[in-house]
file target-v1.txt (compact mmCIF, C-alpha atoms (C1' of nucleotides))
# COMPACT_ATOMS: atom_id res chain seq x y z
CA MET J 15 3.41 99.45 77.60
CA ARG J 16 2.84 98.52 73.99
CA LYS J 17 5.68 100.10 72.03
CA GLY J 18 8.28 98.14 73.96
CA GLU J 19 6.79 94.75 73.23
CA LEU J 20 6.53 95.67 69.57
CA THR J 21 10.18 96.49 69.10
CA ARG J 22 11.09 93.51 71.24
CA GLN J 23 9.41 91.26 68.73
CA ALA J 24 11.05 93.10 65.85
CA ILE J 25 14.43 92.59 67.49
CA LEU J 26 13.74 88.89 67.96
CA ASP J 27 12.82 88.42 64.32
CA VAL J 28 16.10 89.96 63.26
CA ALA J 29 17.93 87.96 65.91
CA VAL J 30 16.48 84.66 64.72
CA ARG J 31 17.58 85.40 61.18
CA MET J 32 21.06 86.33 62.35
CA ALA J 33 21.39 83.36 64.68
CA ARG J 34 20.69 80.96 61.83
CA PHE J 35 24.02 81.96 60.33
CA ASN J 36 26.33 82.11 63.33
CA GLY J 37 24.43 80.25 66.01
CA LEU J 38 23.27 81.54 69.36
CA SER J 39 26.80 81.89 70.69
CA GLY J 40 27.85 83.75 67.60
CA LEU J 41 24.96 86.13 68.03
CA THR J 42 26.46 89.28 69.48
CA ILE J 43 24.62 92.17 71.06
CA GLY J 44 26.64 94.78 69.24
CA SER J 45 26.03 93.38 65.78
CA LEU J 46 22.38 92.70 66.55
CA ALA J 47 21.96 96.27 67.74
CA SER J 48 23.44 97.77 64.61
CA ALA J 49 21.32 95.41 62.48
CA CYS J 50 18.29 96.84 64.27
CA ASP J 51 19.53 100.44 64.05
CA MET J 52 19.62 100.67 67.79
CA SER J 53 22.21 101.36 70.43
CA LYS J 54 23.67 98.44 72.32
CA SER J 55 22.24 99.61 75.62
CA GLY J 56 18.86 100.41 74.13
CA LEU J 57 18.53 96.89 72.83
CA TYR J 58 20.07 95.35 75.90
CA ALA J 59 17.40 96.89 78.12
CA HIS J 60 14.74 94.66 76.53
CA PHE J 61 16.47 91.52 77.68
CA ARG J 62 18.47 91.95 80.81
CA SER J 63 21.18 89.47 79.99
CA LYS J 64 22.55 87.77 76.93
CA GLU J 65 21.25 84.46 78.15
CA ALA J 66 17.73 85.87 78.36
CA LEU J 67 18.08 87.14 74.81
CA GLN J 68 19.23 83.74 73.60
CA LEU J 69 16.34 82.03 75.35
CA ALA J 70 13.89 84.46 73.76
CA VAL J 71 15.43 83.79 70.36
CA MET J 72 15.03 80.04 70.81
CA GLU J 73 11.42 80.54 71.85
CA ARG J 74 10.68 82.71 68.82
CA ASN J 75 12.32 80.12 66.61
CA SER J 76 10.09 77.41 68.01
CA GLU J 77 7.01 79.52 67.36
CA GLN J 78 8.07 80.00 63.76
CA PHE J 79 8.60 76.26 63.38
CA SER J 80 5.10 75.59 64.62
CA GLU J 81 3.68 78.16 62.26
CA GLU J 82 5.63 77.09 59.20
CA VAL J 83 5.92 73.33 59.63
CA VAL J 84 3.68 71.76 62.22
CA ARG J 85 0.49 73.75 61.76
CA PRO J 86 0.35 73.50 57.96
CA ALA J 87 0.89 69.75 58.27
CA LEU J 88 -1.96 69.45 60.74
CA ALA J 89 -4.21 71.01 58.13
CA LYS J 90 -3.75 67.89 55.98
CA PRO J 91 -5.87 64.76 56.51
CA ARG J 92 -4.66 62.41 59.21
CA GLY J 93 -2.37 59.58 58.18
CA VAL J 94 0.50 59.14 55.75
CA ALA J 95 -0.57 62.23 53.81
CA ARG J 96 -0.07 64.34 56.91
CA LEU J 97 3.26 62.73 57.68
CA GLN J 98 4.42 63.36 54.15
CA ALA J 99 3.32 66.97 54.36
CA LEU J 100 5.22 67.37 57.60
CA VAL J 101 8.38 66.10 55.95
CA GLU J 102 7.83 68.40 52.98
CA PHE J 103 7.39 71.52 55.12
CA TRP J 104 10.28 70.43 57.31
CA MET J 105 12.53 70.23 54.27
CA GLN J 106 11.46 73.72 53.26
CA TRP J 107 12.26 74.86 56.78
CA TYR J 108 15.80 73.60 56.35
CA ALA J 109 16.11 75.80 53.27
CA HIS J 110 15.94 78.98 55.32
CA PRO J 111 18.94 81.24 54.72
CA GLY J 112 21.55 80.23 57.27
CA GLY J 113 19.93 76.87 57.94
CA CYS J 114 18.08 75.45 60.92
CA LEU J 115 18.54 77.06 64.29
CA PHE J 116 17.52 73.91 66.13
CA LEU J 117 20.41 72.03 64.58
CA ALA J 118 22.82 74.85 65.29
CA ALA J 119 21.67 75.06 68.90
CA GLY J 120 21.94 71.31 69.27
CA ALA J 121 25.54 71.38 68.14
CA GLU J 122 26.35 74.31 70.40
CA PHE J 123 24.74 73.26 73.65
CA ASP J 124 24.91 69.49 73.58
CA ASP J 125 27.54 69.27 76.26
CA MET J 126 26.72 72.38 78.23
CA THR J 127 24.54 72.68 81.27
CA GLY J 128 22.10 75.41 82.16
CA PRO J 129 18.85 76.93 80.94
CA LEU J 130 19.94 77.18 77.33
CA HIS J 131 20.74 73.49 77.15
CA ASP J 132 17.53 72.54 78.88
CA GLN J 133 15.40 74.72 76.65
CA MET J 134 17.10 73.30 73.57
CA VAL J 135 16.48 69.74 74.66
CA SER J 136 12.83 70.29 75.46
CA ASP J 137 12.28 72.08 72.16
CA GLN J 138 13.91 69.20 70.35
CA ARG J 139 11.81 66.69 72.23
CA ARG J 140 8.67 68.50 71.16
CA LEU J 141 9.74 68.27 67.56
CA LEU J 142 10.24 64.55 67.77
CA ASP J 143 6.98 64.12 69.63
CA SER J 144 5.16 65.93 66.86
CA LEU J 145 6.72 63.52 64.42
CA ALA J 146 5.73 60.45 66.39
CA ARG J 147 2.24 61.79 67.06
CA ILE J 148 1.60 62.36 63.38
CA ALA J 149 2.97 58.93 62.55
CA ALA J 150 0.50 57.58 65.09
CA THR J 151 -2.41 59.03 63.11
CA ALA J 152 -1.29 56.88 60.20
CA VAL J 153 -1.54 53.85 62.45
CA ASP J 154 -4.96 54.95 63.67
CA GLU J 155 -6.18 55.36 60.14
CA GLY J 156 -5.11 51.83 59.35
CA GLU J 157 -2.44 52.83 56.85
CA LEU J 158 0.49 51.58 58.90
CA ARG J 159 0.61 48.26 60.73
CA GLU J 160 -0.95 48.05 64.19
CA ASP J 161 2.29 47.02 65.86
CA THR J 162 4.25 49.95 64.45
CA ASP J 163 6.67 51.57 66.89
CA VAL J 164 5.95 55.21 66.10
CA PHE J 165 9.11 56.38 67.88
CA GLN J 166 11.11 54.07 65.67
CA VAL J 167 9.39 55.68 62.69
CA GLY J 168 10.18 59.07 64.18
CA GLN J 169 13.88 58.32 64.55
CA GLU J 170 14.09 56.98 61.01
CA VAL J 171 12.17 59.84 59.42
CA PHE J 172 14.27 62.29 61.34
CA GLY J 173 17.32 60.54 59.95
CA VAL J 174 16.02 61.08 56.43
CA LEU J 175 15.54 64.75 57.22
CA LEU J 176 18.94 65.23 58.85
CA SER J 177 20.69 63.46 56.04
CA TYR J 178 18.84 65.54 53.46
CA ASN J 179 19.83 68.71 55.28
CA TRP J 180 23.45 67.69 55.34
CA MET J 181 23.64 66.59 51.73
CA SER J 182 21.90 69.62 50.32
CA ARG J 183 23.18 72.33 52.63
CA ILE J 184 26.77 71.34 53.27
CA LEU J 185 27.61 69.07 50.36
CA SER J 186 25.35 70.74 47.81
CA TYR J 187 24.38 67.44 46.25
CA PRO J 188 21.72 68.34 43.69
CA ASP J 189 19.73 65.12 44.04
CA ALA J 190 19.61 65.18 47.83
CA ALA J 191 15.89 65.97 47.85
CA GLU J 192 15.04 63.25 45.37
CA ARG J 193 17.03 60.72 47.38
CA ALA J 194 15.37 61.85 50.59
CA TRP J 195 11.95 61.13 49.08
CA THR J 196 13.13 57.78 47.84
CA ALA J 197 14.27 56.96 51.35
CA PHE J 198 11.04 58.23 52.87
CA ASN J 199 8.89 56.18 50.53
CA ARG J 200 10.82 52.99 51.11
CA LEU J 201 10.58 53.63 54.81
CA ILE J 202 6.82 54.08 54.72
CA GLU J 203 6.30 51.06 52.48
CA SER J 204 8.09 48.86 54.97
CA TYR J 205 5.59 49.86 57.65
CA ARG J 206 2.45 49.67 55.50
CA VAL J 207 -0.24 47.14 56.39
CA MET G 9 63.77 70.97 64.10
CA ARG G 10 62.15 68.14 65.96
CA LYS G 11 60.99 69.53 69.28
CA GLY G 12 58.74 72.04 67.57
CA GLU G 13 56.84 69.51 65.53
CA LEU G 14 56.39 67.39 68.62
CA THR G 15 54.73 70.06 70.71
CA ARG G 16 52.75 71.15 67.68
CA GLN G 17 51.18 67.73 67.54
CA ALA G 18 50.60 67.76 71.28
CA ILE G 19 48.85 71.10 70.96
CA LEU G 20 46.67 69.80 68.15
CA ASP G 21 45.59 66.79 70.16
CA VAL G 22 44.48 69.03 72.98
CA ALA G 23 42.88 71.41 70.51
CA VAL G 24 40.84 68.66 68.88
CA ARG G 25 39.53 67.57 72.25
CA MET G 26 38.63 71.13 73.18
CA ALA G 27 37.04 71.90 69.82
CA ARG G 28 34.67 68.99 70.17
CA PHE G 29 32.99 70.84 73.00
CA ASN G 30 32.82 74.40 71.74
CA GLY G 31 33.46 74.08 68.04
CA LEU G 32 36.26 75.60 66.02
CA SER G 33 34.96 79.13 66.49
CA GLY G 34 34.64 78.59 70.20
CA LEU G 35 38.22 77.39 70.33
CA THR G 36 40.20 80.29 71.71
CA ILE G 37 43.94 80.71 71.69
CA GLY G 38 44.10 81.87 75.27
CA SER G 39 42.20 78.92 76.70
CA LEU G 40 44.06 76.49 74.47
CA ALA G 41 47.37 77.93 75.63
CA SER G 42 46.55 77.57 79.29
CA ALA G 43 45.27 74.04 78.67
CA CYS G 44 48.69 73.28 77.18
CA ASP G 45 50.58 75.13 79.94
CA MET G 46 52.01 77.52 77.43
CA SER G 47 51.94 81.22 76.84
CA LYS G 48 49.59 82.60 74.24
CA SER G 49 52.40 83.87 72.05
CA GLY G 50 54.44 80.71 72.43
CA LEU G 51 51.57 78.64 71.15
CA TYR G 52 50.58 81.18 68.55
CA ALA G 53 54.03 80.98 66.94
CA HIS G 54 53.35 77.41 65.83
CA PHE G 55 50.43 78.45 63.69
CA ARG G 56 50.69 81.96 62.39
CA SER G 57 47.01 82.75 62.45
CA LYS G 58 43.91 81.43 64.09
CA GLU G 59 42.61 80.23 60.76
CA ALA G 60 45.75 78.16 60.24
CA LEU G 61 45.25 76.66 63.69
CA GLN G 62 41.66 75.78 62.89
CA LEU G 63 42.66 74.19 59.62
CA ALA G 64 45.31 72.13 61.36
CA VAL G 65 42.75 71.03 63.94
CA MET G 66 40.36 69.90 61.20
CA GLU G 67 43.16 68.01 59.53
CA ARG G 68 44.15 66.26 62.74
CA ASN G 69 40.52 65.37 63.34
CA SER G 70 40.25 63.79 59.90
CA GLU G 71 43.34 61.72 60.58
CA GLN G 72 41.85 60.47 63.81
CA PHE G 73 38.63 59.56 62.02
CA SER G 74 40.55 57.53 59.49
CA GLU G 75 42.46 55.79 62.24
CA GLU G 76 39.50 55.07 64.47
CA VAL G 77 36.70 54.45 62.00
CA VAL G 78 37.69 53.90 58.39
CA ARG G 79 40.84 51.84 58.82
CA PRO G 80 39.40 49.37 61.35
CA ALA G 81 36.41 48.87 59.06
CA LEU G 82 38.67 48.16 56.11
CA ALA G 83 40.20 45.34 58.13
CA LYS G 84 36.88 43.51 57.95
CA PRO G 85 35.94 41.36 54.96
CA ARG G 86 34.44 43.19 52.02
CA GLY G 87 30.67 43.47 51.85
CA VAL G 88 27.86 43.99 54.33
CA ALA G 89 30.09 42.93 57.21
CA ARG G 90 32.47 45.77 56.43
CA LEU G 91 29.63 48.25 56.06
CA GLN G 92 28.21 47.16 59.37
CA ALA G 93 31.60 47.51 61.03
CA LEU G 94 31.93 51.00 59.61
CA VAL G 95 28.61 51.98 61.13
CA GLU G 96 29.61 50.46 64.45
CA PHE G 97 32.93 52.31 64.65
CA TRP G 98 31.23 55.46 63.43
CA MET G 99 28.73 55.25 66.28
CA GLN G 100 31.59 54.86 68.72
CA TRP G 101 33.20 57.90 67.16
CA TYR G 102 30.10 59.93 67.97
CA ALA G 103 30.48 58.92 71.59
CA HIS G 104 33.66 60.95 72.00
CA PRO G 105 33.40 63.48 74.82
CA GLY G 106 32.06 66.66 73.29
CA GLY G 107 30.72 64.89 70.23
CA CYS G 108 31.75 64.89 66.59
CA LEU G 109 33.88 67.74 65.31
CA PHE G 110 32.75 67.17 61.72
CA LEU G 111 29.17 67.85 62.71
CA ALA G 112 30.13 70.90 64.74
CA ALA G 113 32.20 72.27 61.88
CA GLY G 114 29.40 71.63 59.44
CA ALA G 115 26.98 73.64 61.54
CA GLU G 116 29.49 76.44 61.97
CA PHE G 117 30.75 76.91 58.45
CA ASP G 118 27.84 75.90 56.27
CA ASP G 119 27.10 79.41 55.13
CA MET G 120 30.57 80.88 55.31
CA THR G 121 33.10 81.18 52.54
CA GLY G 122 36.84 80.68 52.71
CA PRO G 123 39.38 77.97 53.38
CA LEU G 124 37.69 76.66 56.51
CA HIS G 125 34.43 76.10 54.68
CA ASP G 126 36.17 74.47 51.75
CA GLN G 127 38.23 72.17 53.94
CA MET G 128 35.13 71.18 55.88
CA VAL G 129 33.22 70.34 52.72
CA SER G 130 35.99 68.27 51.21
CA ASP G 131 36.49 66.39 54.48
CA GLN G 132 32.79 65.67 54.61
CA ARG G 133 32.77 64.52 51.00
CA ARG G 134 35.54 62.07 51.76
CA LEU G 135 33.50 60.61 54.58
CA LEU G 136 30.51 60.05 52.34
CA ASP G 137 32.71 58.62 49.63
CA SER G 138 34.13 56.12 52.08
CA LEU G 139 30.61 55.10 52.92
CA ALA G 140 29.56 54.68 49.32
CA ARG G 141 32.77 52.88 48.43
CA ILE G 142 32.30 50.34 51.17
CA ALA G 143 28.68 49.87 50.19
CA ALA G 144 29.95 49.18 46.69
CA THR G 145 32.01 46.26 47.97
CA ALA G 146 28.76 44.70 49.14
CA VAL G 147 27.42 44.99 45.61
CA ASP G 148 30.61 43.52 44.21
CA GLU G 149 30.39 40.58 46.58
CA GLY G 150 26.86 39.90 45.37
CA GLU G 151 25.24 40.67 48.70
CA LEU G 152 23.34 43.72 47.50
CA ARG G 153 21.45 43.96 44.22
CA GLU G 154 23.38 44.82 41.08
CA ASP G 155 21.35 47.94 40.36
CA THR G 156 21.91 49.38 43.84
CA ASP G 157 22.60 53.12 43.90
CA VAL G 158 25.43 53.17 46.42
CA PHE G 159 25.12 56.91 46.95
CA GLN G 160 21.48 56.40 47.84
CA VAL G 161 22.64 53.80 50.35
CA GLY G 162 25.21 56.26 51.60
CA GLN G 163 22.69 59.02 52.19
CA GLU G 164 20.34 56.64 53.99
CA VAL G 165 23.01 55.09 56.18
CA PHE G 166 24.30 58.52 57.02
CA GLY G 167 20.76 59.45 58.02
CA VAL G 168 20.68 56.51 60.41
CA LEU G 169 23.97 57.69 61.89
CA LEU G 170 22.96 61.34 62.21
CA SER G 171 19.66 60.44 63.76
CA TYR G 172 21.37 58.11 66.22
CA ASN G 173 23.80 60.84 67.18
CA TRP G 174 20.98 63.28 67.79
CA MET G 175 18.80 60.92 69.77
CA SER G 176 21.55 59.66 72.00
CA ARG G 177 23.65 62.78 72.42
CA ILE G 178 21.08 65.55 72.62
CA LEU G 179 17.91 63.77 73.63
CA SER G 180 19.57 61.03 75.70
CA TYR G 181 17.13 58.41 74.46
CA PRO G 182 18.42 55.15 75.92
CA ASP G 183 17.26 52.96 73.04
CA ALA G 184 18.70 55.16 70.31
CA ALA G 185 21.42 52.65 69.47
CA GLU G 186 19.01 49.73 69.31
CA ARG G 187 16.69 51.71 67.03
CA ALA G 188 19.60 52.72 64.84
CA TRP G 189 20.50 49.07 64.30
CA THR G 190 16.89 48.22 63.57
CA ALA G 191 16.86 50.96 60.96
CA PHE G 192 20.17 49.85 59.52
CA ASN G 193 19.08 46.23 59.21
CA ARG G 194 15.78 47.09 57.53
CA LEU G 195 17.70 49.34 55.18
CA ILE G 196 20.15 46.62 54.21
CA GLU G 197 17.41 44.01 53.82
CA SER G 198 15.61 46.20 51.32
CA TYR G 199 18.73 46.26 49.14
CA ARG G 200 19.62 42.56 49.46
CA VAL G 201 19.58 40.40 46.36
C1' DC O 1 -1.90 119.70 78.84
C1' DA O 2 0.90 118.33 82.56
C1' DC O 3 2.89 114.25 84.60
C1' DT O 4 4.39 109.82 85.20
C1' DT O 5 6.43 106.00 83.31
C1' DG O 6 8.86 103.46 80.03
C1' DA O 7 12.01 103.29 75.94
C1' DA O 8 16.29 104.45 74.05
C1' DA O 9 20.91 106.54 73.95
C1' DG O 10 25.52 107.81 75.82
C1' DC O 11 29.24 106.52 78.09
C1' DA O 12 32.43 103.81 80.74
C1' DC O 13 34.14 99.53 82.95
C1' DG O 14 36.91 95.27 83.01
C1' DA O 15 37.78 91.19 80.43
C1' DT O 16 39.17 88.75 76.53
C1' DC O 17 39.83 88.35 71.74
C1' DG O 18 43.62 87.81 67.76
C1' DT O 19 47.96 89.49 66.58
C1' DG O 20 52.34 91.59 66.35
C1' DC O 21 57.35 92.79 68.34
C1' DT O 22 61.10 92.02 71.35
C1' DA O 23 63.58 89.33 74.68
C1' DT O 24 64.94 85.12 76.71
C1' DT O 25 65.45 80.44 77.07
C1' DT O 26 66.07 75.87 75.03
C1' DT O 27 67.54 72.86 71.54
C1' DC O 28 70.77 70.93 68.41
C1' DG O 29 74.64 70.56 64.86
C1' DG O 30 79.61 71.21 64.32
C1' DC M 5 80.98 72.81 74.52
C1' DC M 6 79.77 76.72 71.76
C1' DG M 7 77.46 79.27 68.69
C1' DA M 8 73.44 79.41 65.57
C1' DA M 9 68.78 78.71 65.23
C1' DA M 10 64.52 77.53 66.90
C1' DA M 11 61.14 77.57 70.61
C1' DT M 12 58.91 80.00 74.06
C1' DA M 13 57.74 83.93 77.04
C1' DG M 14 56.68 88.92 78.00
C1' DC M 15 54.31 92.68 76.86
C1' DA M 16 51.43 95.85 74.39
C1' DC M 17 48.03 97.16 70.79
C1' DG M 18 43.33 98.00 69.10
C1' DA M 19 38.91 95.88 68.85
C1' DT M 20 34.98 93.83 70.69
C1' DC M 21 32.65 91.39 74.17
C1' DG M 22 28.71 91.63 78.03
C1' DT M 23 27.05 94.64 81.38
C1' DG M 24 26.03 98.41 84.33
C1' DC M 25 24.74 103.70 85.33
C1' DT M 26 22.99 108.06 84.10
C1' DT M 27 20.65 111.00 81.08
C1' DT M 28 17.51 112.24 77.37
C1' DC M 29 13.50 111.44 74.70
C1' DA M 30 8.92 109.55 73.65
C1' DA M 31 4.49 107.49 74.99
C1' DG M 32 0.39 106.86 77.60
C1' DT M 33 -2.71 108.48 81.58
C1' DG M 34 -5.18 111.62 84.47
call {"tool": "encode", "arguments": {"input": "target-v1.txt", "output": "structure tokens"}}
result
Amino acid sequence: MRKGELTRQAILDVAVRMARFNGLSGLTIGSLASACDMSKSGLYAHFRSKEALQLAVMERNSEQFSEEVVRPALAKPRGVARLQALVEFWMQWYAHPGGCLFLAAGAEFDDMTGPLHDQMVSDQRRLLDSLARIAATAVDEGELREDTDVFQVGQEVFGVLLSYNWMSRILSYPDAAERAWTAFNRLIESYRV
Amino acid sequence: MRKGELTRQAILDVAVRMARFNGLSGLTIGSLASACDMSKSGLYAHFRSKEALQLAVMERNSEQFSEEVVRPALAKPRGVARLQALVEFWMQWYAHPGGCLFLAAGAEFDDMTGPLHDQMVSDQRRLLDSLARIAATAVDEGELREDTDVFQVGQEVFGVLLSYNWMSRILSYPDAAERAWTAFNRLIESYRV
DNA sequence: CACTTGAAAGCACGATCGTGCTATTTTCGG
DNA sequence: CCGAAAATAGCACGATCGTGCTTTCAAGTG
């Protein structure tokens, strides 16, 4: 039926927003239900376990990341411009109220086993692959050196992003963004042809 | 009395180890009590609220960081060698079973208010200050350029560390450490006189 | 419009959470 | 070694957790 899928998506949107604040473990069915103006059991029926709900939330979060970060970056011309756009949208992504759900999930499930851990890892791998793939277009376009290790670039750019997130979100350093761009530019320069 | 303080410390050591896995919110008094072979109320009497317990755990964690990371680095000669040692010990710190409690706490309390948030932020600030201060010794020794912004260095080095932690702990990339050192060395070279 | 099917609510369950109060045991100073 | 004080255990409380079962209400189909 159609109505069910509709409210299911509405629930997931609320759930993603809530999970950004307290993580996927902190996401509770009771509080989610009241945030959706539903009964616990009414909401619960859409997902038949908490784990299934959490998996659906992670999936929805990944979709939003693709829509808000990856896709807009792919609209830019291949090369350093695209990589820079990716970083820019990624930094905006980190500014979501409550922060980044990927980072929260990573901290929560790093040492666990099970579907949630596996899903988190594969999501995270996709993110890093996107990064490396876009860096590779800069090599293809002749902007970065031929022998560039794009995974090395990926790890370093990701470091710039993580550090920016930490400095701005937790430490509230006002020049975190400026310093992140300084770091990014130096990084790119050192790989330029 | 003396016995009380002794078991209190023993409890905190267990608590720190447990909190690395499930965070400070995931740390529960019941499970901690049974891990210490104590009754819930017996343990609870040492800290008179869960928040006080969590604060004590954070404090104990900071002490351990100083002992295992900062102090050993300070034993090295001032300059790049000391900075490099700091990074090395810091990377070993991340290898603790369950991961880094600072990072977990940061993800948990970033958007909260209250003593736990404040304690977490000030702990984190001290970490970054240590980093910048040690980088400053490299400037003093004439190894890095006079006009070096040591907080910029701090943010970038911290990025290398965070990225390493993510790649090795969550993504299990085997060459994460090697890439981290590559990044660190390029970073330092770009600041050398 | 009836009928079937799905969506939502109501209610109850066992478990566990943090937190008090009251005993009981252990420690330690005189 | 004895009495005071501290450390620990026992027990109970209200609240909330995830999860089922049953019933009511709405939606879509013939």
call {"tool": "closest_residue", "arguments": {"input": "target-v1.txt", "among": "J:Thr21, J:Ser177, J:Ser144, J:Ser76", "to": "chain O", "atoms": "all atoms listed in the file"}}
result
J:Thr21
call {"tool": "residues_around", "arguments": {"input": "target-v1.txt", "residues": "DG22 (chain M)", "least_positions_apart": "2", "cutoff": "9 Å", "atoms": "all atoms listed in the file", "output": "ChimeraX atom specification"}}
result
/J:43,63-64
call {"tool": "closest_residue", "arguments": {"input": "target-v1.txt", "among": "G:Ala143, G:Leu35, G:Ala89, G:Met26", "to": "chain O", "atoms": "all atoms listed in the file"}}
result
G:Leu35
call {"tool": "closest_residue", "arguments": {"input": "target-v1.txt", "among": "M:DC5, M:DG34, M:DT23, M:DC29", "to": "chain J", "atoms": "only C-alpha atoms (C1' of nucleotides)"}}
result
M:DT23
call {"tool": "closest_residue", "arguments": {"input": "target-v1.txt", "among": "G:Ala93, G:Ala27, G:Val201, G:Ala64", "to": "Asp155 (chain G)", "atoms": "all atoms listed in the file"}}
result
G:Val201
call {"tool": "residues_around", "arguments": {"input": "target-v1.txt", "residues": "DC28 (chain O)", "least_positions_apart": "4", "cutoff": "10 Å", "atoms": "only C-alpha atoms (C1' of nucleotides)", "output": "ChimeraX atom specification"}}
result
/G:9-11 /M:8-10
call {"tool": "write_last_selection", "arguments": {"input": "target-v1.txt", "atoms": "C-alpha atoms (C1' of nucleotides)", "output": "tab-separated table (two decimals), keeping the file's coordinate frame"}}
result
chain	number	residue	atom	x	y	z
G	9	MET	CA	63.77	70.97	64.10
G	10	ARG	CA	62.15	68.14	65.96
G	11	LYS	CA	60.99	69.53	69.28
M	8	DA	C1'	73.44	79.41	65.57
M	9	DA	C1'	68.78	78.71	65.23
M	10	DA	C1'	64.52	77.53	66.90
call {"tool": "residues_around", "arguments": {"input": "target-v1.txt", "residues": "region 181-189 of chain G", "least_positions_apart": "6", "cutoff": "8 Å", "atoms": "only C-alpha atoms (C1' of nucleotides)", "output": "PyMOL selection string"}}
result
(chain J and resi 166+169-170) or (chain G and resi 168-169+171-172+175)
call {"tool": "residues_near_point", "arguments": {"input": "target-v1.txt", "point": "(29.0, 40.7, 48.6)", "cutoff": "12 Å", "atoms": "all atoms listed in the file", "output": "list in words"}}
result
Pro85, Arg86, Gly87, Val88, Ala89, Arg90, Leu91, Ile142, Ala143, Ala144, Thr145, Ala146, Val147, Asp148, Glu149, Gly150, Glu151, Leu152, Arg153, Glu154, Tyr199, Arg200 and Val201 of chain G
call {"tool": "closest_residue", "arguments": {"input": "target-v1.txt", "among": "G:Ala43, G:Ala81, G:Ile19, G:Cys108", "to": "chain J", "atoms": "all atoms listed in the file"}}
result
G:Cys108
call {"tool": "interface_residues", "arguments": {"input": "target-v1.txt", "of": "chain M", "to": "chain G", "cutoff": "7 Å", "atoms": "all atoms listed in the file", "output": "list in words"}}
result
DA11, DT12 and DA13 of chain M
call {"tool": "interface_residues", "arguments": {"input": "target-v1.txt", "of": "chain G", "to": "chain J", "cutoff": "10 Å", "atoms": "all atoms listed in the file", "output": "count of residues only"}}
result
60
call {"tool": "residues_around", "arguments": {"input": "target-v1.txt", "residues": "region 100-104 of chain J", "least_positions_apart": "5", "cutoff": "8 Å", "atoms": "all atoms listed in the file", "output": "list in words"}}
result
Glu82, Val83, Val84, Pro86, Ala87, Leu145 and Leu175 of chain J
call {"tool": "interface_residues", "arguments": {"input": "target-v1.txt", "of": "chain O", "to": "chain J", "cutoff": "7 Å", "atoms": "all atoms listed in the file", "output": "list in words"}}
result
DA7, DA8 and DA9 of chain O
call {"tool": "atom_distance", "arguments": {"input": "target-v1.txt", "atom1": "C1' of DT19 (chain O)", "atom2": "C1' of DA16 (chain M)"}}
result
10.7 Å
call {"tool": "atom_distance", "arguments": {"input": "target-v1.txt", "atom1": "CA of Ser74 (chain G)", "atom2": "CA of Leu32 (chain G)"}}
result
19.7 Å
call {"tool": "atom_distance", "arguments": {"input": "target-v1.txt", "atom1": "CA of Ala23 (chain G)", "atom2": "CA of Val65 (chain G)"}}
result
6.6 Å
